[in-house]
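Chemist: Pasting a structure below so you can have a look.
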Amino acid sequence: MTMKQRPTFISVDEEMRRRSSLLAPEIILWPGVRTEKMFGMQSLYRGDVIFALLPGTRGLWEAYAVMIKIWAG
């Protein structure tokens, strides 16, 4: 039996941390938004749904990547 390999998280530099720290407080002001820490990133929720991940100490795929989910409804 083979085990799935864990994703590799990339270290984020100070500039991206600064950008995330400026963006997060603005988004938290939106109605129904809350935040939690996850794997060195800041996850942004609306209700029970994650709609964005901002890099903290770690990032996904690329050092300057921000993950967002766009949905209708």
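Residue numbers start at 1 in each chain; chains themselves are named A, B, ... in the order of the structure tokens; ligands are numbered from 1 in the order shown.
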Set the distance at 8 Å and use only C-alpha atoms: which residues neighbour range 30-36 of chain A once local chain neighbours fewer than 6 positions away are removed? I'd like the list as a ChimeraX atom specification.

Modeler: /A:42-47

Chemist: Measuring between only C-alpha atoms, which one of A:Leu29, A:Ala24, A:Ala52, A:Met41 shows the shortest distance to Ile10 in chain A?

Modeler: A:Met41

Chemist: Quote the spacing between CA of Lys4 in chain A and CA of Leu60 in chain A in Å to one decimal place.

Modeler: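 Atom-to-atom, CA of Lys4 in chain A and CA of Leu60 in chain A are spaced 17.3 Å apart.
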
Chemist: Using only C-alpha atoms, which residues sit within 7 Å of Thr57 in chain A once same-chain residues fewer than 2 positions away are excluded, as an MDAnalysis selection string?

Modeler: chainID A and resid 11:12 40:41 55

Chemist: What does the file look like for those residues with N, CA and C atoms, as an mmCIF file, in the first residue's frame?

Modeler:
```cif
data_model
loop_
_atom_site.group_PDB
_atom_site.id
_atom_site.type_symbol
_atom_site.label_atom_id
_atom_site.label_comp_id
_atom_site.auth_asym_id
_atom_site.auth_seq_id
_atom_site.Cartn_x
_atom_site.Cartn_y
_atom_site.Cartn_z
ATOM 1 N N SER A 11 8.330 28.489 1.335
ATOM 2 C CA SER A 11 8.569 29.618 2.234
ATOM 3 C C SER A 11 8.233 30.922 1.525
ATOM 4 N N VAL A 12 7.686 31.853 2.284
ATOM 5 C CA VAL A 12 7.249 33.139 1.742
ATOM 6 C C VAL A 12 8.189 34.231 2.263
ATOM 7 N N GLY A 40 0.490 27.465 8.118
ATOM 8 C CA GLY A 40 1.324 28.632 7.866
ATOM 9 C C GLY A 40 0.679 29.666 6.967
ATOM 10 N N MET A 41 -0.613 29.501 6.704
ATOM 11 C CA MET A 41 -1.358 30.454 5.882
ATOM 12 C C MET A 41 -2.560 30.947 6.673
ATOM 13 N N PRO A 55 -0.868 33.857 2.126
ATOM 14 C CA PRO A 55 0.381 33.329 2.665
ATOM 15 C C PRO A 55 0.764 34.023 3.966
#
```

Chemist: In Å, with one decimal, what is the gap from CA of Arg17 in chain A to CA of Gln5 in chain A?

Modeler: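 So the two atoms, CA of Arg17 in chain A and CA of Gln5 in chain A, lie 26.7 Å apart.
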
Chemist: Quick check for you: according to DSSP on this backbone, which residues of range 14-70 of chain A are classed as alpha helix (DSSP H)? Reply as a list in words.

Modeler: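 Selection result, alpha helix (DSSP H) within range 14-70 of chain A: Glu14, Glu15, Met16, Arg17, Arg18, Arg19, Ser20, Ser21, Leu22, Leu23, Ala24, Pro25, Glu26, Ile27 and Ile28 of chain A.
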